[in-house]
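Asks: Got a structure for you, written out below as structure tokens; questions coming shortly.
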Amino acid sequence: MFKDSTLANKRVLITGGGTGLGKEIAKGLLSYGAEVYICGRRESVLQETVTELAKIGSGKIHYRVTDIRDPDAIETMVASIWEEGALTGLINNAAANFISPTKDLSPRGYQAIRSTVMDGAFYTVLAIGKRWIKEGIKGSIVSNLVTWVWTGSAYVVPSAMAKTAIDSMTKSLAVEWGRYGIRVNAVAPGPFPTEGAWDKLNPTGTSTGATDASTVPMGRYGEMQELANLMTFLQADGCDYITGQTIGIDGGHHLAAPSTFASLGSWSDDDWSSVRDSIKASAEKEKTQRSVG
Ligand SMILES: CCCCCCCCCCC/C=C/C(=O)SCCNC(=O)CCNC(=O)[C@H](O)C(C)(C)COP(=O)(O)OP(=O)(O)OC[C@H]1O[C@@H](n2cnc3c(N)ncnc32)[C@H](O)[C@@H]1OP(=O)(O)O
Ligand SMILES: NC(=O)C1=CN([C@@H]2O[C@H](COP(=O)(O)OP(=O)(O)OC[C@H]3O[C@@H](n4cnc5c(N)ncnc54)[C@H](OP(=O)(O)O)[C@@H]3O)[C@@H](O)[C@H]2O)C=CC1
């Protein structure tokens with residue numbers, strides 16, 4: 001989709017890049033020539049990913065062991081990256097989540113999710129953004145959100161709240177930092193199955209609700225390359241005027257709510273024919289009763 005050199009000279013940090021979507025995005029950015037940093041809390045996982053992905057593209061991939069809930073740890077990480085050169089991009093991807101009835105959540109359960117998704121993304125943006133402003137670097141921030149920022153979602157309320165906060169940060173900082181040439185965007189994926197997400201959101205192993213592909217208008221899950229391509233586009237030069245946007249990538253999922261007629265997609269032509277006959281019969285009956293028109 002892009003030239004191999006599309007991201008040459010780009011240096012991008014992907015939080016939570018050791019697994020799942022972050023790892024797939026790292027593969028995409030590397031294949032288009034970027035130098036990539038990934039971070040997470042499990043060194044063995046990060047090490048394994050770096051070894052695996054070093055064969056792709058320029059092969060410049062590094063890791064930092066960091067808990068993004070700790071602002072001091074983020075500052076240490078970013079300072080150590082800057083010693084090797086300034087970043088040009090950030091992908092806020094790390095997250096925590098699990099399904100639970102909201103009434104059963106403890107304050108610590110809520111905090112585990114909020115502190116990762118909302119605070120972690122904000123601290124990382126701050127540590128990098130203030131350096132870009134000081135050094136006059138035009139960077140690109142992209143946060144990996146979810147379509148719940150538009151719909152909300154039951155049983156994952158802290159995640160929906162925290163992601164929505166970062167959606168608001170995206171719009172707000174796009175305005176505040178536009179004058180520095182810093183772009184602030186987000187993507188809102190629908191279901192892209194990963195071990196990390198499905199263990200927490202689909203623990204019964206039976207796809208239901210948000211994880212059920214048959215409820216997606218396109219009838220399938222997202223493909224990793226599709227998300228990696230969108231992230232590449234948002235990290236590349238060429239459409240720098242795009243800022244403050246949250247771009248959905250969900251096969252139309254969030255638009256096909258149960259409160260719409262989305263499920264009628266399963267009706268056959270024969271079903272439609274008999275339905276049309278029934279509707280027309282009703283209209284004809286009403287017409288016989290009209291006094292005017
Ligand atoms: C119409 C729209 C459709 C859209 C369709 C989209 C479909 C998919 C959308 C996916 C969107 C978003 C997905 C994700 O974000 S997936 C990310 C999944 N990955 C992770 O969560 C990785 C990180 N996770 C963790 O670190 C842990 O799992 C955890 C979140 C639990 C945090 O770990 P930590 O070590 O910090 O915390 P503790 O284990 O000490 O627990 C802290 C408190 O939380 C309570 N807890 C933990 N699990 C549960 C649970 N399952 N239910 C209730 N409470 C839980 C735990 O008991 C602790 O509280 P207490 O001390 O008070 O007991
Ligand atoms: N999969 C899907 O269908 C969808 C996913 N998303 C979003 O995509 C992103 C990736 O999710 P996915 O790949 O599925 O799930 P994963 O569980 O694989 O990814 C989460 C990553 O975040 C890291 N992480 C979690 N907490 C911290 C922390 N405190 N500090 C540093 N790193 C942390 C984890 O590493 P470690 O545990 O080693 O710290 C892990 O690598 C998330 O933002 C998620 O909300 C959005 C919509 C749909």
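Labels used: A, B, ... for chains in the order of the structure tokens, numbers from 1 for residues in each chain, and numbers from 1 for ligands as shown.
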Find the residues around range 140-149 of chain A up to 8 Å (only C-alpha atoms counted), leave out those fewer than 5 positions away in its own chain, and share them as an MDAnalysis selection string.

Replies: chainID A and resid 88:93 121 125 160:161 163:164 166:167 170 182:190 231 234:235 248 250 254

Asks: Taking only C-alpha atoms and all ligand atoms into account, list the residues no farther than 7 Å from ligand 2, as an MDAnalysis selection string.

Replies: chainID A and resid 15:22 39:42 45 66:69 93:96 116 144:146 188:197

Asks: For the selection you just gave me, I'd like the residues written to a file as an mmCIF file, in the first residue's frame, keeping N, CA and C atoms.

Replies:
```
data_model
loop_
_atom_site.group_PDB
_atom_site.id
_atom_site.type_symbol
_atom_site.label_atom_id
_atom_site.label_comp_id
_atom_site.auth_asym_id
_atom_site.auth_seq_id
_atom_site.Cartn_x
_atom_site.Cartn_y
_atom_site.Cartn_z
ATOM 1 N N THR A 15 3.453 2.226 22.834
ATOM 2 C CA THR A 15 3.292 1.658 24.179
ATOM 3 C C THR A 15 2.540 0.333 24.053
ATOM 4 N N GLY A 16 2.888 -0.626 24.885
ATOM 5 C CA GLY A 16 2.256 -1.949 24.785
ATOM 6 C C GLY A 16 2.562 -2.628 23.458
ATOM 7 N N GLY A 17 3.723 -2.323 22.889
ATOM 8 C CA GLY A 17 4.056 -2.864 21.558
ATOM 9 C C GLY A 17 4.588 -4.293 21.564
ATOM 10 N N GLY A 18 4.661 -4.902 22.756
ATOM 11 C CA GLY A 18 5.205 -6.260 22.818
ATOM 12 C C GLY A 18 4.220 -7.340 22.419
ATOM 13 N N THR A 19 2.929 -7.014 22.412
ATOM 14 C CA THR A 19 1.899 -8.032 22.138
ATOM 15 C C THR A 19 0.820 -7.480 21.216
ATOM 16 N N GLY A 20 -0.045 -8.368 20.785
ATOM 17 C CA GLY A 20 -1.316 -8.009 20.142
ATOM 18 C C GLY A 20 -1.209 -6.956 19.051
ATOM 19 N N LEU A 21 -2.109 -5.989 19.119
ATOM 20 C CA LEU A 21 -2.188 -4.972 18.071
ATOM 21 C C LEU A 21 -0.928 -4.115 18.032
ATOM 22 N N GLY A 22 -0.356 -3.823 19.202
ATOM 23 C CA GLY A 22 0.868 -3.007 19.235
ATOM 24 C C GLY A 22 1.987 -3.681 18.464
ATOM 25 N N CYS A 39 7.286 -0.544 24.500
ATOM 26 C CA CYS A 39 7.443 -0.649 25.955
ATOM 27 C C CYS A 39 6.310 -1.474 26.546
ATOM 28 N N GLY A 40 6.557 -1.985 27.731
ATOM 29 C CA GLY A 40 5.580 -2.793 28.461
ATOM 30 C C GLY A 40 6.224 -3.179 29.785
ATOM 31 N N ARG A 41 5.500 -4.005 30.554
ATOM 32 C CA ARG A 41 6.025 -4.348 31.890
ATOM 33 C C ARG A 41 6.743 -5.689 31.920
ATOM 34 N N ARG A 42 6.621 -6.507 30.849
ATOM 35 C CA ARG A 42 7.215 -7.850 30.871
ATOM 36 C C ARG A 42 8.428 -7.898 29.949
ATOM 37 N N VAL A 45 8.712 -10.759 27.317
ATOM 38 C CA VAL A 45 7.799 -10.592 26.169
ATOM 39 C C VAL A 45 8.377 -9.565 25.193
ATOM 40 N N THR A 66 8.774 -0.561 31.080
ATOM 41 C CA THR A 66 8.175 0.634 31.716
ATOM 42 C C THR A 66 6.724 0.354 32.099
ATOM 43 N N ASP A 67 6.361 0.795 33.295
ATOM 44 C CA ASP A 67 4.950 0.775 33.706
ATOM 45 C C ASP A 67 4.402 2.177 33.443
ATOM 46 N N ILE A 68 3.523 2.302 32.456
ATOM 47 C CA ILE A 68 3.070 3.655 32.084
ATOM 48 C C ILE A 68 2.111 4.269 33.100
ATOM 49 N N ARG A 69 1.784 3.533 34.159
ATOM 50 C CA ARG A 69 0.968 4.146 35.208
ATOM 51 C C ARG A 69 1.818 5.047 36.097
ATOM 52 N N ASN A 93 -0.962 2.847 22.837
ATOM 53 C CA ASN A 93 -1.648 1.584 22.541
ATOM 54 C C ASN A 93 -1.849 0.728 23.792
ATOM 55 N N ALA A 94 -0.984 0.893 24.794
ATOM 56 C CA ALA A 94 -1.098 0.045 25.999
ATOM 57 C C ALA A 94 -2.463 0.246 26.649
ATOM 58 N N ALA A 95 -3.013 -0.832 27.178
ATOM 59 C CA ALA A 95 -4.328 -0.726 27.822
ATOM 60 C C ALA A 95 -4.523 -1.862 28.806
ATOM 61 N N ALA A 96 -5.499 -1.670 29.687
ATOM 62 C CA ALA A 96 -5.943 -2.726 30.595
ATOM 63 C C ALA A 96 -7.460 -2.769 30.505
ATOM 64 N N THR A 116 -4.078 3.041 33.591
ATOM 65 C CA THR A 116 -3.328 2.611 32.403
ATOM 66 C C THR A 116 -3.817 3.362 31.166
ATOM 67 N N ASN A 144 -4.739 4.599 20.283
ATOM 68 C CA ASN A 144 -5.549 3.451 19.866
ATOM 69 C C ASN A 144 -6.750 3.362 20.802
ATOM 70 N N LEU A 145 -7.895 3.810 20.346
ATOM 71 C CA LEU A 145 -9.085 3.860 21.212
ATOM 72 C C LEU A 145 -10.003 2.688 20.884
ATOM 73 N N VAL A 146 -11.279 2.881 20.796
ATOM 74 C CA VAL A 146 -12.256 1.838 20.489
ATOM 75 C C VAL A 146 -13.557 2.568 20.159
ATOM 76 N N ALA A 188 -10.198 4.255 16.151
ATOM 77 C CA ALA A 188 -11.193 3.541 16.968
ATOM 78 C C ALA A 188 -11.494 2.205 16.293
ATOM 79 N N PRO A 189 -10.735 1.163 16.676
ATOM 80 C CA PRO A 189 -10.977 -0.142 16.045
ATOM 81 C C PRO A 189 -12.236 -0.818 16.577
ATOM 82 N N GLY A 190 -12.817 -1.655 15.739
ATOM 83 C CA GLY A 190 -13.804 -2.635 16.175
ATOM 84 C C GLY A 190 -13.038 -3.887 16.559
ATOM 85 N N PRO A 191 -13.643 -5.064 16.467
ATOM 86 C CA PRO A 191 -12.962 -6.271 16.934
ATOM 87 C C PRO A 191 -11.825 -6.757 16.029
ATOM 88 N N PHE A 192 -10.643 -6.833 16.615
ATOM 89 C CA PHE A 192 -9.439 -7.413 15.994
ATOM 90 C C PHE A 192 -8.929 -8.432 17.025
ATOM 91 N N PRO A 193 -9.334 -9.693 16.946
ATOM 92 C CA PRO A 193 -9.013 -10.627 18.030
ATOM 93 C C PRO A 193 -7.516 -10.715 18.346
ATOM 94 N N THR A 194 -7.208 -10.578 19.632
ATOM 95 C CA THR A 194 -5.852 -10.793 20.141
ATOM 96 C C THR A 194 -5.990 -11.634 21.403
ATOM 97 N N GLU A 195 -4.932 -12.297 21.768
ATOM 98 C CA GLU A 195 -4.971 -13.126 22.984
ATOM 99 C C GLU A 195 -5.279 -12.252 24.200
ATOM 100 N N GLY A 196 -4.584 -11.100 24.295
ATOM 101 C CA GLY A 196 -4.744 -10.223 25.458
ATOM 102 C C GLY A 196 -6.175 -9.746 25.616
ATOM 103 N N ALA A 197 -6.777 -9.283 24.522
ATOM 104 C CA ALA A 197 -8.137 -8.743 24.608
ATOM 105 C C ALA A 197 -9.157 -9.860 24.798
#
```

Asks: Taking only C-alpha atoms into account, name the residue in A:Leu53, A:Met218, A:Val156, A:Ala86 that is nearest to Thr102 in chain A.

Replies: A:Val156

Asks: Tell me which of A:Leu201, A:Leu13, A:Leu29, A:Leu7 sits closest to ligand 1, counting only C-alpha atoms and all ligand atoms.

Replies: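 Going through A:Leu201, A:Leu13, A:Leu29, A:Leu7 one by one, the smallest distance to ligand 1 is for A:Leu201.
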
Asks: Considering only C-alpha atoms, can you say which of A:Lys285, A:Lys23, A:Lys103, A:Arg64 comes closest to Thr49 in chain A?

Replies: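 Closest to Thr49 in chain A of all the choices is A:Lys23.
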
Asks: Given only C-alpha atoms and all ligand atoms as the basis, pick out the residue of A:Thr243, A:Ser259, A:Gln111, A:Gln289 nearest to ligand 1.

Replies: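 Nearest candidate to ligand 1 out of A:Thr243, A:Ser259, A:Gln111, A:Gln289: A:Gln111.
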